[in-house]
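Read the structure below first, then the notes.
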Amino acid sequence: MREKIFAIRAAVEEKLTTATTMEQLEELRVAYLGKKGELTSLLRGMGALSAEERPIMGQLVNEVRALLESEIQTRSEQLKKEQMQAQLQNEKIDVTMPGTRQTVGNRHPLTIALDEIKDLFISMGFSIAEGPEIETDYYNFEALNLPPNHPARDTQDTFYITDNILLRTQTSPMQVRVMEKQEPPIRVIAPGRVFRADEVDATHSPVFHQIEGLVVDKGITMGDLKGTLDIFAKKMFGPECKTRFRPHHFPFTEPSAEMDVSCFSCGGKGCRVCKDEGWIEVLGCGMVHPKVLQNCNIDPEVYSGFAFGMGLERIVMTRYGVTDLRLFFENDIRFLNQFKGVEK
Amino acid sequence: MKLPLSWLKDYTDISASVKEYCDALTLSGSKVEGYEILGEDITNVVTAKVLKVEQHPNADKLKVCSVDAGEAEPLQIVTGAPNVFEGAHIVLAKNDSTLPGGIKIKKSALRGVESNGMMCSIEELGLTLNDVPYAPEYGILILAEDAPVGMDIREYLELSDQVVEFEITSNRPDCFSVIGLARESAATFERPFSVHEPKAEGTGASICDSFAVEVTAPDLCPRYCARMIKDVKIEPSPQWLARRLRAAGVRPINNIVDITNYVMLEYGQPMHAFDTAYLSGNKITVRRANEGEVITTLDETERKLDSSMLVIADAEKAVAVAGVMGGMNSEIQPTTKEVLFESALFDGTSVRLTSKKLGLRTEASGRYEKGLDYYNTVGAVNRACELVEQLGAGTVVAGMIDTAAPAPAARKIPFRPDAINRLLGISVSREEMEAIFARLGIVIDGDTVIPPSFRPDLEGEADLAEEVARFYGYDKIPSTLSSGTNLNAGKTPAQKNEDKLKSFMTAQGYSETLTYSFVSAKMYDKLNIPEADTIRNYIRIANPLGEDTAIMRTVALGSLMEAIATNVHYRSPKVSLFELANVYLPKALPLTELPEERRHLVFAQYGEGDYYTVKGLVEELANRFTLGTLTFKPEAEHPSFHPGRTASVYIGEQYLGVFGQIHPQVLVNYDIDVPVYAAELDFETMLAVNVPPMLYKALPRFPSMNRDLALIVDRDTTAADIEACIRRAGKKMLCDVQLFDVYQGKQIEEGKKSMAYSLVFRAEDRTLTDAEVNTAVERILKALSEMGATLR
């Protein structure tokens, strides 16, 4: 009896090492430990044993049974692991193959820059004004201290529709519209499309974009103009950016200035981007001309204000090194999509 | 305006380097465009004397010379110049010298004989006969016999100068002159500045006894000064004058013409010189031109004039277009013996309009149109006469004709230092301000100031503030931040919706484009739009750049189709583009009031997707913007779209736009060879939708039951009709209907199609029973059968 038990144990342990599938393992279990299995049969033949031997053998059979069950279990877990390994190996893919993409588009580079500028001024308490692209002579010129036959009108080659209706040549008419509608305090930017009869080339376009700014309140000074635009420059071109204000002339501001920023490419040492000047001209600005305030029924003895205007294309071109203005309106997807990463 | 610094030194002494000078002037308001150092390209070139000339042993045309260049030993120079002779004073480019055009001269052997440099002609020095009138036309330059030896040629010929180019703004006509810029320079550097009063008394009887000027249009000519020169000797100008003109960018011609140009540059007052031999009658009339009057101007072009233009005329004919250009008929000739100098003030607007009409802009017209100084004409004409005497160009006749109309009243501007400080945000004392004004010629008169006559730009207190700021220094104004609040800060709901729309479109894979607002009238043809369509009621630009950009668009699709075509032609495989584009809709034509500007959302794609992807986008757009339920109607009439694959879309009864597949003929018109799907929706209509406040809806608490129905229907039956029928019959219990399969072909009768729907039933207050759902399905099937649908 004892020999038989040990023979079964040896046989099972022997077969365990060669079993390579879960099915074989199950067969092995059924064959030896199942209801009709060999070890189970041994228990049934226990009646032939003596009374002293019976419990001893019984215990032995149970011990062997427990041992074999545990060994089968161990082997089973091992096999499962191997199978998982095999499966994983089998499921291997080429992870360097290109991903499947849900392509997203992006905003136009001019919109991207404009959005940034809008956010920046909104954070300084500005709101955004709008106005028509087809304008009257009054708003585009006359109210801005550019009476008929003013020589400065010639520098803005104007598209006319009638003698009195034109395509706005600047975003400044929106200043007048805001001042007519709203009492000070006023703090707005007015971005938009403007039109000038310039033949198309790398640096000229009959359609381009400007951003106008206007602040009117009691006690606004030229120092406020400098301070506000200085913050704009630092936020737009980096904290190291320095500004320089040069006297200039615009009919609708007095005193007037042009603002240069230190070249963000070379930091002011002089390079290709700034044409070795160290400075890049960014915008025109000044204190709102008293005549313009008067035209809008705002008393210049009580209120003062500043205004500024900049070309959007110019900012985007210098910032990203775009050398041909035509690219902005050609809408070649290979150009547009280059700006995907800079969209905020 | 080009300013030679040597000329500036006649009026003020400034010791700054050219770089410092440019920076300082830029910061005080005279913007420097750049500067040029003349003579920089000529080095190691000297005056020399030929001591001996011998025949070259190996070449007939060459000579071997011994030349004294001021060095210890004479230099041996080989030359081919035919005009070289012993004793000649010449210009020698020595070994290791440079000449204009990047030419380098080195010691070399010519046919076996060593040459230590090169004798120069005027061309090699970058000069012309106008600069060095005594130079021979061919061969090397022979200098005067008293020329020193060994002197740098730049010094001898006065070739060195520094020329600064300014961008002068239109409000500062006074700075279009050496004197004006000298005044600014002196004020900037706080240096003394003075203009001497030109004197030329003249001789003999006064011009007024023999000549007369009549102004019949005093509104266009407030002042006309004239002086006469007799015994004129036309010859080249002296070197110093020619060099200054050339440095300032003006070509020297002869002494009289050069004097007029010199005075214009120096005083900013345009001058003209007439040869009196060609003036008929001893009188000049300043009058409006006769309609259709013809004059040939100095540029040899015949000009047809009209009565808005001002001319200078003699007894018979116009001899100059006032303030613009003189006529050929009285031009200064080499034989000219008597000259009349004109120094006049013409109305700026009139000159500007005349110059514009004639398409002729000149140095003179550019100055006149900005408005010149009433008091400058006298000084200028006297300066011209002074130069005539200085140059020995003729005899100045005594007296001056001056038609001066009453002088314009001097302006008085209130001067309140406090107000200026308040505007600028600084605190500068009254005394400092007065010192600045004094340097600029502004006269202080108690609490007012009187600006000088040459400063038409100084009109009010703000202008005075700018003068203070310029010379106090813009850079010294402290940067501050305005106080005060603006309760309206931030974007309006419509502005936020615009942002939202762009985010939505880019997330759907579309990239934003920007296209011109004006288009060609041909765009309407390309879009197949019939001649009579009211959408062709467009606004036309009166002076367009060309026909391609002459029409303010009423449709945005055409511009986007151009962008699509561009990308197709560049072979980008799949492209999705959108634009939020303005269209311009006139209320009446021709325009009497501003048109309506509406933003259209237009988008198009090729290379992927189909009608249903575009429709899906429109449906999702409606969700994103809470537009409510959209209605889609088959659109077979839109000329730009495929008649069987296009829908117009409505929000309730309100038309929103159209979308679908672009008509194949339109694709042909745009030279596009792939199907394109597109939409044009009115963004303003979307914004006008009244969005109800959003309220949370409770999630369902009871389970739903699903039923699938496969229906056989006629091929022309629309999904919209079936769904509407199902929803009507399903009543409240039916909470969702989804079409999940459409099939026609094998096993389906010809002319029919199979449509499979998934129906979801649910009650809010209980779990539905099978029986309840079955009743509902039967009701639905019955309703469907009435429209010819059967269960498959």
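Just remember, in the structure tokens the first chain shown is A, the second B, etc., residues are 1-based per chain, and ligands are 1-based in the order shown.
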Produce a table with one row for each residue of chain B that has an atom at most 6 Å from any atom of chain A, each row naming the nearest atom pair and its distance in Å at one decimal; use only C-alpha atoms; arrange rows by chain and rising residue number; format as a tab-separated table.
```
residue	atom	partner	partner_atom	distance
B:Leu27	CA	A:Arg246	CA	5.2
B:Gly29	CA	A:Pro247	CA	4.4
B:Leu423	CA	A:Thr221	CA	4.8
B:Leu424	CA	A:Met222	CA	4.5
B:Gly425	CA	A:Thr221	CA	5.1
B:Ala462	CA	A:Glu254	CA	5.6
B:Glu466	CA	A:Pro255	CA	4.5
B:Ile477	CA	A:Gly223	CA	5.9
B:Pro478	CA	A:Gly223	CA	5.4
B:Ser479	CA	A:Gly227	CA	4.1
B:Thr480	CA	A:Gly227	CA	4.6
B:Leu481	CA	A:Asp224	CA	4.8
B:Ser482	CA	A:Asp224	CA	5.3
B:Ala489	CA	A:Ser127	CA	4.4
B:Gly490	CA	A:Ser127	CA	4.8
B:Thr506	CA	A:Gly105	CA	4.2
B:Ala507	CA	A:Val104	CA	5.0
B:Gly509	CA	A:Val104	CA	3.9
B:Tyr510	CA	A:Gly105	CA	4.5
B:Ser511	CA	A:Gly105	CA	4.3
B:Glu512	CA	A:Arg107	CA	4.8
B:Thr513	CA	A:Asn331	CA	5.7
B:Leu514	CA	A:Phe329	CA	5.7
B:Thr515	CA	A:Phe329	CA	5.4
B:Ile541	CA	A:Ile161	CA	4.7
B:Ala542	CA	A:Ile161	CA	5.0
B:Asn543	CA	A:Phe159	CA	6.0
B:Ala563	CA	A:Asn331	CA	5.8
B:Asn567	CA	A:Asp332	CA	5.8
```
Output N, CA, C and O atoms of each residue in that selection to a file, as a short mmCIF file (atom, residue, chain, number, x, y, z; two decimals), in the first residue's frame.
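Saved the output as again-v3.cif:
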```
data_model
loop_
_atom_site.label_atom_id
_atom_site.label_comp_id
_atom_site.auth_asym_id
_atom_site.auth_seq_id
_atom_site.Cartn_x
_atom_site.Cartn_y
_atom_site.Cartn_z
N LEU B 27 15.78 111.14 -31.42
CA LEU B 27 15.04 111.23 -30.16
C LEU B 27 14.43 112.60 -29.93
O LEU B 27 13.52 112.75 -29.11
N GLY B 29 12.98 114.13 -32.43
CA GLY B 29 11.84 114.23 -33.35
C GLY B 29 12.17 114.33 -34.83
O GLY B 29 11.27 114.32 -35.66
N LEU B 423 -0.55 117.24 -18.71
CA LEU B 423 -0.75 116.37 -19.86
C LEU B 423 0.40 115.39 -20.02
O LEU B 423 0.20 114.23 -20.38
N LEU B 424 1.62 115.87 -19.72
CA LEU B 424 2.78 115.02 -19.95
C LEU B 424 3.10 114.12 -18.75
O LEU B 424 3.77 113.11 -18.90
N GLY B 425 2.61 114.52 -17.58
CA GLY B 425 2.95 113.75 -16.39
C GLY B 425 4.36 114.06 -15.91
O GLY B 425 5.08 113.17 -15.46
N ALA B 462 -1.52 121.68 -26.92
CA ALA B 462 -0.97 120.33 -27.06
C ALA B 462 0.30 120.35 -27.91
O ALA B 462 1.23 119.58 -27.68
N GLU B 466 4.12 119.16 -26.94
CA GLU B 466 5.03 118.29 -27.68
C GLU B 466 6.43 118.90 -27.78
O GLU B 466 7.44 118.20 -27.66
N ILE B 477 10.19 111.14 -19.42
CA ILE B 477 8.82 111.14 -18.87
C ILE B 477 8.63 109.83 -18.12
O ILE B 477 8.83 108.76 -18.69
N PRO B 478 8.28 109.89 -16.82
CA PRO B 478 8.18 108.63 -16.06
C PRO B 478 6.99 107.78 -16.53
O PRO B 478 5.94 108.32 -16.86
N SER B 479 7.22 106.47 -16.59
CA SER B 479 6.14 105.55 -16.96
C SER B 479 5.23 105.35 -15.76
O SER B 479 5.69 104.99 -14.68
N THR B 480 3.94 105.60 -15.96
CA THR B 480 2.97 105.42 -14.88
C THR B 480 1.79 104.62 -15.39
O THR B 480 1.70 104.36 -16.60
N LEU B 481 0.91 104.23 -14.50
CA LEU B 481 -0.30 103.53 -14.95
C LEU B 481 -1.51 104.34 -14.54
O LEU B 481 -1.61 104.79 -13.39
N SER B 482 -2.40 104.54 -15.49
CA SER B 482 -3.56 105.37 -15.21
C SER B 482 -4.43 104.69 -14.17
O SER B 482 -4.60 103.48 -14.19
N ALA B 489 -14.73 96.04 -18.91
CA ALA B 489 -13.57 95.28 -19.38
C ALA B 489 -13.97 93.87 -19.81
O ALA B 489 -14.90 93.28 -19.27
N GLY B 490 -13.23 93.34 -20.77
CA GLY B 490 -13.46 91.97 -21.20
C GLY B 490 -14.27 91.90 -22.47
O GLY B 490 -14.63 92.92 -23.06
N THR B 506 -11.69 74.59 -35.21
CA THR B 506 -10.35 74.01 -35.23
C THR B 506 -10.36 72.61 -34.61
O THR B 506 -9.67 71.71 -35.08
N ALA B 507 -11.18 72.42 -33.58
CA ALA B 507 -11.29 71.08 -32.98
C ALA B 507 -11.86 70.08 -33.97
O ALA B 507 -11.57 68.89 -33.90
N GLY B 509 -11.04 70.00 -36.95
CA GLY B 509 -10.00 69.74 -37.94
C GLY B 509 -9.86 70.83 -38.99
O GLY B 509 -9.08 70.69 -39.93
N TYR B 510 -10.62 71.89 -38.85
CA TYR B 510 -10.56 72.97 -39.85
C TYR B 510 -9.55 74.04 -39.43
O TYR B 510 -9.46 74.38 -38.26
N SER B 511 -8.79 74.53 -40.41
CA SER B 511 -7.84 75.61 -40.13
C SER B 511 -8.42 76.92 -40.64
O SER B 511 -9.07 76.97 -41.68
N GLU B 512 -8.10 77.99 -39.91
CA GLU B 512 -8.68 79.28 -40.25
C GLU B 512 -7.93 79.95 -41.40
O GLU B 512 -6.70 79.93 -41.44
N THR B 513 -8.67 80.55 -42.29
CA THR B 513 -8.07 81.32 -43.38
C THR B 513 -8.49 82.78 -43.24
O THR B 513 -9.44 83.09 -42.53
N LEU B 514 -7.75 83.65 -43.91
CA LEU B 514 -8.17 85.04 -44.06
C LEU B 514 -8.07 85.38 -45.54
O LEU B 514 -7.04 85.13 -46.15
N THR B 515 -9.12 85.89 -46.11
CA THR B 515 -9.10 86.22 -47.54
C THR B 515 -9.50 87.68 -47.72
O THR B 515 -10.06 88.29 -46.82
N ILE B 541 -15.97 99.17 -55.84
CA ILE B 541 -14.99 100.19 -55.44
C ILE B 541 -14.75 101.11 -56.63
O ILE B 541 -14.58 100.65 -57.76
N ALA B 542 -14.75 102.43 -56.37
CA ALA B 542 -14.64 103.39 -57.48
C ALA B 542 -13.24 103.37 -58.09
O ALA B 542 -13.08 103.55 -59.29
N ASN B 543 -12.22 103.15 -57.27
CA ASN B 543 -10.84 103.18 -57.77
C ASN B 543 -10.09 101.91 -57.36
O ASN B 543 -9.16 101.96 -56.58
N ALA B 563 -9.01 79.61 -51.97
CA ALA B 563 -8.04 79.03 -51.04
C ALA B 563 -7.97 77.52 -51.21
O ALA B 563 -6.89 76.92 -51.17
N ASN B 567 -4.67 75.14 -52.50
CA ASN B 567 -4.14 73.94 -51.84
C ASN B 567 -4.21 72.71 -52.72
O ASN B 567 -3.31 71.87 -52.68
#
```
Exercise. Apply DSSP to the structure's backbone, then extract all residues of region 152-253 of chain A labelled helix (DSSP H, G or I) and return them as a PyMOL selection string.
Key: chain A and resi 152-155+173-181+222-237
Exercise. Calculate how many Å separate CA of Gly180 (chain B) from CA of Tyr267 (chain B), rounding to one decimal.
Key: 7.7 Å
List every residue of region 457-535 of chain B that DSSP, applied to the backbone of this structure, assigns to strand (DSSP E or B), and report them as a compact mmCIF listing (two decimals) with all heavy atoms, in the first residue's frame.
```
# COMPACT_ATOMS: atom_id res chain seq x y z
N GLY B 490 -13.23 93.34 -20.77
CA GLY B 490 -13.46 91.97 -21.20
C GLY B 490 -14.27 91.90 -22.47
O GLY B 490 -14.63 92.92 -23.06
N SER B 511 -8.79 74.53 -40.41
CA SER B 511 -7.84 75.61 -40.13
C SER B 511 -8.42 76.92 -40.64
O SER B 511 -9.07 76.97 -41.68
CB SER B 511 -6.50 75.33 -40.79
OG SER B 511 -5.85 74.29 -40.09
N GLU B 512 -8.10 77.99 -39.91
CA GLU B 512 -8.68 79.28 -40.25
C GLU B 512 -7.93 79.95 -41.40
O GLU B 512 -6.70 79.93 -41.44
CB GLU B 512 -8.66 80.21 -39.03
CG GLU B 512 -9.42 81.49 -39.27
CD GLU B 512 -9.25 82.53 -38.18
OE1 GLU B 512 -8.34 82.38 -37.34
OE2 GLU B 512 -10.02 83.49 -38.17
N PHE B 518 -12.48 92.05 -50.92
CA PHE B 518 -12.96 92.37 -52.26
C PHE B 518 -12.57 91.26 -53.23
O PHE B 518 -11.56 90.59 -53.06
CB PHE B 518 -12.47 93.74 -52.75
CG PHE B 518 -11.15 94.19 -52.20
CD1 PHE B 518 -10.01 93.45 -52.41
CD2 PHE B 518 -11.05 95.38 -51.50
CE1 PHE B 518 -8.78 93.89 -51.93
CE2 PHE B 518 -9.84 95.83 -51.00
CZ PHE B 518 -8.71 95.07 -51.22
N VAL B 519 -13.42 91.07 -54.21
CA VAL B 519 -13.26 89.96 -55.14
C VAL B 519 -13.48 90.49 -56.56
O VAL B 519 -13.78 91.65 -56.77
CB VAL B 519 -14.29 88.85 -54.85
CG1 VAL B 519 -14.05 88.23 -53.49
CG2 VAL B 519 -15.72 89.39 -54.94
```
Practice problem: Excluding Gly112 (chain B) and any residue of its chain fewer than 5 positions from it, enumerate the residues within 12 Å of it, using only C-alpha atoms, and give them as an MDAnalysis selection string. | Solution: chainID B and resid 56:59 62 64 78
Practice problem: Please identify all polymer residues within 8 Å of Phe603 (chain B), counting only C-alpha atoms, omitting same-chain residues fewer than 3 positions from it, and present them as a list in words. | Solution: Tyr510, Leu557, Leu560, Ser576, Leu577, Phe578, Glu579, Ala678, Ala679 and Glu680 of chain B
Just write the chosen residues, N, CA, C and O atoms, as a PDB file, in the first residue's frame.
```pdb
ATOM      1  N   TYR B 510     -10.616  71.894 -38.848  1.00  0.00           N
ATOM      2  CA  TYR B 510     -10.560  72.973 -39.847  1.00  0.00           C
ATOM      3  C   TYR B 510      -9.545  74.040 -39.434  1.00  0.00           C
ATOM      4  O   TYR B 510      -9.459  74.378 -38.255  1.00  0.00           O
ATOM      5  N   LEU B 557     -18.236  82.292 -50.021  1.00  0.00           N
ATOM      6  CA  LEU B 557     -17.802  80.986 -50.525  1.00  0.00           C
ATOM      7  C   LEU B 557     -16.715  81.091 -51.596  1.00  0.00           C
ATOM      8  O   LEU B 557     -15.774  80.302 -51.613  1.00  0.00           O
ATOM      9  N   LEU B 560     -13.178  81.388 -50.311  1.00  0.00           N
ATOM     10  CA  LEU B 560     -12.681  80.144 -49.726  1.00  0.00           C
ATOM     11  C   LEU B 560     -12.389  79.119 -50.821  1.00  0.00           C
ATOM     12  O   LEU B 560     -11.446  78.334 -50.713  1.00  0.00           O
ATOM     13  N   SER B 576      -8.977  71.021 -44.828  1.00  0.00           N
ATOM     14  CA  SER B 576     -10.242  71.544 -44.319  1.00  0.00           C
ATOM     15  C   SER B 576     -10.012  72.982 -43.870  1.00  0.00           C
ATOM     16  O   SER B 576      -9.153  73.231 -43.034  1.00  0.00           O
ATOM     17  N   LEU B 577     -10.750  73.918 -44.449  1.00  0.00           N
ATOM     18  CA  LEU B 577     -10.530  75.337 -44.161  1.00  0.00           C
ATOM     19  C   LEU B 577     -11.831  76.018 -43.751  1.00  0.00           C
ATOM     20  O   LEU B 577     -12.904  75.619 -44.194  1.00  0.00           O
ATOM     21  N   PHE B 578     -11.699  77.048 -42.905  1.00  0.00           N
ATOM     22  CA  PHE B 578     -12.886  77.853 -42.608  1.00  0.00           C
ATOM     23  C   PHE B 578     -12.492  79.313 -42.512  1.00  0.00           C
ATOM     24  O   PHE B 578     -11.325  79.646 -42.351  1.00  0.00           O
ATOM     25  N   GLU B 579     -13.475  80.166 -42.648  1.00  0.00           N
ATOM     26  CA  GLU B 579     -13.245  81.588 -42.396  1.00  0.00           C
ATOM     27  C   GLU B 579     -14.512  82.191 -41.811  1.00  0.00           C
ATOM     28  O   GLU B 579     -15.622  81.809 -42.181  1.00  0.00           O
ATOM     29  N   ALA B 678     -18.836  71.851 -48.760  1.00  0.00           N
ATOM     30  CA  ALA B 678     -18.706  73.196 -48.207  1.00  0.00           C
ATOM     31  C   ALA B 678     -20.014  73.661 -47.602  1.00  0.00           C
ATOM     32  O   ALA B 678     -21.073  73.074 -47.841  1.00  0.00           O
ATOM     33  N   ALA B 679     -19.908  74.738 -46.824  1.00  0.00           N
ATOM     34  CA  ALA B 679     -21.088  75.344 -46.215  1.00  0.00           C
ATOM     35  C   ALA B 679     -20.893  76.839 -46.113  1.00  0.00           C
ATOM     36  O   ALA B 679     -19.771  77.311 -46.008  1.00  0.00           O
ATOM     37  N   GLU B 680     -21.973  77.572 -46.189  1.00  0.00           N
ATOM     38  CA  GLU B 680     -21.932  78.998 -45.862  1.00  0.00           C
ATOM     39  C   GLU B 680     -23.129  79.305 -44.970  1.00  0.00           C
ATOM     40  O   GLU B 680     -24.271  79.186 -45.398  1.00  0.00           O
TER      41      GLU B 680
END
```
Might you pull out every residue within 7 Å of region 148-151 of chain B, with only C-alpha atoms counted and same-chain residues fewer than 5 positions away left off, and present them as an mmCIF file with N, CA and C atoms, in the first residue's frame?
```cif
data_model
loop_
_atom_site.group_PDB
_atom_site.id
_atom_site.type_symbol
_atom_site.label_atom_id
_atom_site.label_comp_id
_atom_site.auth_asym_id
_atom_site.auth_seq_id
_atom_site.Cartn_x
_atom_site.Cartn_y
_atom_site.Cartn_z
ATOM 1 N N VAL B 46 46.224 110.158 -54.016
ATOM 2 C CA VAL B 46 46.791 111.489 -53.716
ATOM 3 C C VAL B 46 46.989 112.304 -54.987
ATOM 4 N N THR B 47 47.178 113.610 -54.788
ATOM 5 C CA THR B 47 47.603 114.453 -55.912
ATOM 6 C C THR B 47 49.098 114.209 -56.135
ATOM 7 N N ALA B 48 49.521 114.304 -57.399
ATOM 8 C CA ALA B 48 50.935 114.008 -57.706
ATOM 9 C C ALA B 48 51.350 114.793 -58.944
ATOM 10 N N LYS B 49 52.635 114.790 -59.217
ATOM 11 C CA LYS B 49 53.140 115.536 -60.383
ATOM 12 C C LYS B 49 54.004 114.605 -61.208
ATOM 13 N N ALA B 69 54.916 111.814 -55.751
ATOM 14 C CA ALA B 69 53.674 111.726 -54.969
ATOM 15 C C ALA B 69 53.897 112.256 -53.568
ATOM 16 N N GLY B 70 54.894 113.086 -53.423
ATOM 17 C CA GLY B 70 55.172 113.686 -52.121
ATOM 18 C C GLY B 70 55.992 112.767 -51.229
ATOM 19 N N TYR B 156 41.506 117.400 -51.490
ATOM 20 C CA TYR B 156 41.687 118.339 -52.598
ATOM 21 C C TYR B 156 40.378 118.572 -53.353
#
```
